[in-house]
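One file, run.tsv, carrying TSV, C-alpha atoms:
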chain	number	residue	atom	x	y	z
A	1322	MET	CA	0.00	0.00	0.00
A	1323	PRO	CA	1.71	3.22	-1.16
A	1324	SER	CA	0.28	5.35	1.66
A	1325	VAL	CA	1.96	3.09	4.20
A	1326	LYS	CA	5.36	3.47	2.53
A	1327	VAL	CA	4.91	7.24	2.39
A	1328	LEU	CA	3.97	7.28	6.08
A	1329	GLU	CA	7.05	5.23	6.96
A	1330	HIS	CA	9.28	7.70	5.09
A	1331	LEU	CA	7.68	10.66	6.88
A	1332	ILE	CA	8.20	8.98	10.26
A	1333	ALA	CA	11.81	8.13	9.38
A	1334	ARG	CA	12.53	11.70	8.34
A	1335	PHE	CA	10.65	13.71	10.95
A	1336	LEU	CA	10.46	11.34	13.94
A	1337	PRO	CA	13.66	9.29	13.62
A	1338	GLU	CA	13.65	8.08	17.25
A	1339	VAL	CA	10.15	6.68	16.85
A	1340	HIS	CA	11.11	5.10	13.52
A	1341	THR	CA	14.14	3.45	15.15
A	1342	GLN	CA	11.96	2.02	17.91
A	1343	LEU	CA	9.38	0.75	15.41
A	1344	LYS	CA	12.17	-0.98	13.45
A	1345	ARG	CA	13.71	-2.39	16.64
A	1346	LEU	CA	10.37	-3.90	17.60
A	1347	GLU	CA	9.73	-5.07	14.02
A	1348	VAL	CA	6.36	-3.32	13.95
A	1349	PRO	CA	4.78	-3.73	10.53
A	1350	MET	CA	3.90	-0.26	9.31
A	1351	VAL	CA	0.66	-1.57	7.84
A	1352	ALA	CA	-0.51	-2.52	11.36
A	1353	LEU	CA	0.16	1.02	12.52
A	1354	ALA	CA	-1.51	2.56	9.47
A	1355	PHE	CA	-4.62	0.35	9.34
A	1356	ASP	CA	-6.88	2.46	11.55
A	1357	PRO	CA	-5.95	5.89	10.15
A	1358	PHE	CA	-5.94	4.99	6.45
A	1359	LEU	CA	-8.66	2.36	6.18
A	1360	CYS	CA	-10.98	3.24	9.07
A	1361	PHE	CA	-10.25	6.97	9.34
A	1362	PHE	CA	-9.49	6.49	13.05
A	1363	ALA	CA	-12.94	5.00	13.78
A	1364	LYS	CA	-11.65	1.56	14.89
A	1365	GLU	CA	-9.57	2.64	17.90
A	1366	TYR	CA	-10.82	6.10	18.85
A	1367	PRO	CA	-14.08	7.10	20.57
A	1368	LEU	CA	-16.72	8.82	18.44
A	1369	SER	CA	-16.19	12.24	20.06
A	1370	VAL	CA	-12.53	12.16	18.94
A	1371	VAL	CA	-13.27	10.65	15.52
A	1372	VAL	CA	-15.70	13.46	14.70
A	1373	ARG	CA	-13.08	16.11	15.52
A	1374	PHE	CA	-10.45	14.23	13.47
A	1375	TRP	CA	-12.87	14.03	10.56
A	1376	ASP	CA	-13.44	17.78	10.78
A	1377	VAL	CA	-9.69	18.29	10.35
A	1378	MET	CA	-9.62	15.79	7.48
A	1379	LEU	CA	-12.51	17.53	5.70
A	1380	MET	CA	-10.84	20.93	6.09
A	1381	GLU	CA	-7.28	19.89	5.21
A	1382	GLY	CA	-7.79	16.96	2.87
A	1383	PRO	CA	-5.92	13.64	2.85
A	1384	ARG	CA	-2.71	15.14	4.19
A	1385	ALA	CA	-4.51	15.56	7.53
A	1386	ILE	CA	-4.33	11.79	8.04
A	1387	TYR	CA	-0.53	11.98	7.92
A	1388	ALA	CA	-0.52	14.98	10.28
A	1389	LEU	CA	-2.80	13.25	12.80
A	1390	VAL	CA	-0.66	10.10	12.76
A	1391	LEU	CA	2.57	12.11	13.14
A	1392	ALA	CA	0.99	14.05	16.00
A	1393	GLY	CA	-0.05	10.84	17.77
A	1394	LEU	CA	3.42	9.37	17.36
A	1395	GLU	CA	5.08	12.57	18.54
A	1396	LEU	CA	2.87	12.72	21.62
A	1397	HIS	CA	2.85	9.01	22.47
A	1398	GLY	CA	5.92	7.49	20.80
A	1399	GLU	CA	7.65	7.15	24.16
A	1400	GLN	CA	5.25	4.26	24.85
A	1401	LEU	CA	7.48	2.18	22.56
A	1402	GLN	CA	10.31	2.29	25.11
A	1403	SER	CA	8.43	-0.10	27.41
A	1404	ALA	CA	7.64	-2.71	24.74
A	1405	GLU	CA	9.79	-5.81	25.18
A	1406	ALA	CA	11.00	-8.38	22.69
A	1407	LEU	CA	8.39	-11.08	23.34
A	1408	ASP	CA	5.49	-10.33	21.03
A	1409	ALA	CA	6.83	-6.79	20.89
A	1410	SER	CA	5.46	-5.95	17.48
A	1411	GLN	CA	1.84	-6.63	18.38
A	1412	GLN	CA	2.30	-5.19	21.86
A	1413	ALA	CA	3.78	-1.98	20.45
A	1414	VAL	CA	0.93	-1.41	18.00
A	1415	VAL	CA	-1.70	-2.03	20.67
A	1416	MET	CA	0.11	0.25	23.14
A	1417	LEU	CA	0.44	3.06	20.61
A	1418	HIS	CA	-3.20	2.88	19.58
A	1419	ARG	CA	-4.42	2.76	23.17
A	1420	ALA	CA	-2.13	5.57	24.29
A	1421	ALA	CA	-3.08	7.74	21.33
A	1422	ALA	CA	-6.78	7.04	21.77
A	1423	ALA	CA	-6.68	7.68	25.52
A	1424	GLY	CA	-4.47	10.71	25.03
A	1425	ALA	CA	-6.74	12.06	22.35
A	1426	VAL	CA	-9.69	11.86	24.72
A	1427	ASP	CA	-7.78	13.35	27.64
A	1428	SER	CA	-6.04	16.04	25.64
A	1429	LEU	CA	-7.84	16.30	22.31
A	1430	ASP	CA	-6.89	19.95	21.95
A	1431	THR	CA	-3.20	19.07	22.40
A	1432	HIS	CA	-3.44	16.33	19.77
A	1433	LEU	CA	-5.19	18.67	17.33
A	1434	GLU	CA	-2.73	21.50	17.99
A	1435	THR	CA	0.17	19.13	17.40
A	1436	ALA	CA	-1.48	17.99	14.16
A	1437	ARG	CA	-1.89	21.66	13.14
A	1438	LYS	CA	1.84	22.14	13.76
A	1439	TRP	CA	2.54	19.31	11.32
A	1440	LEU	CA	0.03	20.76	8.84
A	1441	ARG	CA	1.80	24.15	8.97
A	1442	ASN	CA	5.27	22.67	8.38
A	1443	PRO	CA	6.05	23.21	4.67
A	1444	GLU	CA	8.99	20.78	4.77
A	1445	VAL	CA	6.60	17.92	5.62
A	1446	TRP	CA	4.37	18.67	2.65
A	1447	THR	CA	7.26	19.19	0.23
A	1448	THR	CA	8.55	15.79	1.33
A	1449	LEU	CA	5.06	14.28	1.03
A	1450	ALA	CA	4.69	15.61	-2.53
A	1451	MET	CA	8.11	14.20	-3.47
A	1452	LEU	CA	7.27	10.80	-1.95
A	1453	GLN	CA	3.90	10.65	-3.69
A	1454	SER	CA	5.62	11.48	-6.97
A	1455	GLU	CA	8.07	8.63	-6.36
A	1456	VAL	CA	5.11	6.31	-5.69
A	1457	GLU	CA	3.57	7.29	-9.03
A	1458	ASP	CA	6.91	6.79	-10.82
A	1459	GLY	CA	7.49	3.47	-9.06
A	1460	THR	CA	10.83	4.67	-7.65
A	1461	LEU	CA	9.98	4.84	-3.94
A	1462	ARG	CA	12.34	2.60	-1.93
A	1463	ASP	CA	11.82	1.29	1.57
A	1464	ALA	CA	12.62	3.82	4.30
A	1465	GLY	CA	16.19	3.31	5.40
A	1466	ALA	CA	17.19	1.49	2.20
A	1467	PRO	CA	20.54	2.54	0.75
A	1468	PRO	CA	20.32	4.92	-2.18
A	1469	GLU	CA	20.37	3.50	-5.66
A	1470	PRO	CA	23.71	3.91	-7.46
A	1471	ALA	CA	23.86	6.53	-10.18
A	1472	PRO	CA	23.13	5.22	-13.69
A	1473	GLY	CA	26.22	3.66	-15.25
A	1474	TRP	CA	27.97	3.31	-11.88
A	1475	SER	CA	29.17	-0.12	-10.86
A	1476	LEU	CA	31.47	-1.81	-8.38
A	1477	THR	CA	32.81	-4.21	-10.97
A	1478	GLY	CA	35.42	-1.75	-12.26
A	1479	ILE	CA	36.93	-1.09	-8.84
A	1480	GLY	CA	40.35	-2.67	-8.36
A	1481	SER	CA	40.52	-4.13	-11.84
A	1482	THR	CA	43.47	-3.45	-14.11

Could you write out this file's structure as structure tokens?
Amino acid sequence: MPSVKVLEHLIARFLPEVHTQLKRLEVPMVALAFDPFLCFFAKEYPLSVVVRFWDVMLMEGPRAIYALVLAGLELHGEQLQSAEALDASQQAVVMLHRAAAAGAVDSLDTHLETARKWLRNPEVWTTLAMLQSEVEDGTLRDAGAPPEPAPGWSLTGIGST
């Protein structure tokens, strides 16, 4: 799913500590992205929060989903520190969703203000546009993958006479 790859790149670029923890725990990004992208937050969050999130999504468009996810990870990413190796992937996803949902209820205004901060950051949206272009071109690599060598460049000529 291209949206999941784009989300992973945004997390890697703008929340590298959270990305490192997600990789350490082997959390599949699709598990993290399921509720926001397929259910528009309605699976894990209470209706009062979902309605406010949908307001933001209607006003800002699809990029609001990315902003709301980034805000939740920024506010609750520290929950990943307590996840341990045994069943860590599933545990981490559940903990993040529960923390974000509970946090959104307890401090909905903070979550929305943090999302607005992400929405106002032009670097995020320049990066998002570039990533979406790479998805359309079929050139988007996995986050953290080494860069592709320049065309015509090869290791085979090194050290040969």

field: From A:Ala1363, A:Ala1392, A:Leu1379, A:Ala1352, residue lying nearest Asp1430 in chain A [only C-alpha atoms]
entry: A:Ala1392

- line: Computed gap from CA of Phe1355 in chain A to CA of Asp1463 in chain A is 18.2 Å

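Atom pair CA of Leu1346 in chain A / CA of Ala1333 in chain A has a distance of 14.6 Å (rounded to one decimal).
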
task: Could you check which of A:Met1451, A:Val1371, A:Ala1464, A:Ile1332 is closest to Tyr1387 in chain A, using all atoms listed in the file?
output: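 Nearest candidate to Tyr1387 in chain A out of A:Met1451, A:Val1371, A:Ala1464, A:Ile1332: A:Ile1332.
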
Contact residues around Leu1440 in chain A with only C-alpha atoms at 7 Å, ignoring same-chain residues under 3 positions, as an mmCIF file with C-alpha atoms, keeping the file's coordinate frame:
data_model
loop_
_atom_site.group_PDB
_atom_site.id
_atom_site.type_symbol
_atom_site.label_atom_id
_atom_site.label_comp_id
_atom_site.auth_asym_id
_atom_site.auth_seq_id
_atom_site.Cartn_x
_atom_site.Cartn_y
_atom_site.Cartn_z
ATOM 1 C CA ALA A 1388 -0.520 14.980 10.280
ATOM 2 C CA ALA A 1436 -1.480 17.990 14.160
ATOM 3 C CA ARG A 1437 -1.890 21.660 13.140
#

- line: Restricting to only C-alpha atoms, whichever of A:Met1380, A:Leu1429, A:Ala1450, A:Val1327 is closest to Tyr1366 in chain A is A:Leu1429

Atom-to-atom span, CA of Glu1347 in chain A and CA of Gln1453 in chain A, Å: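 So the two atoms, CA of Glu1347 in chain A and CA of Gln1453 in chain A, lie 24.4 Å apart.
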
- prompt: Using all atoms listed in the file, which of the listed residues (A:Val1456, A:Leu1343, A:Val1445, A:Arg1384) sits closest to Glu1399 in chain A?
  reply: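 That would be A:Leu1343, the residue with the smallest distance to Glu1399 in chain A.
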
- request: Identify which of the residues A:Leu1359, A:Thr1341, A:Phe1335, A:Leu1396 lies closest to Ser1428 in chain A, counting all atoms listed in the file when measuring atom-to-atom distances.
  value: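 The answer is A:Leu1396, which sits nearest to Ser1428 in chain A.
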
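Minimum atom-to-atom distances from A:Ser1324, A:Arg1441, A:Phe1374, A:Pro1383 to Glu1457 in chain A were compared using only C-alpha atoms, and the lowest value belongs to A:Ser1324.
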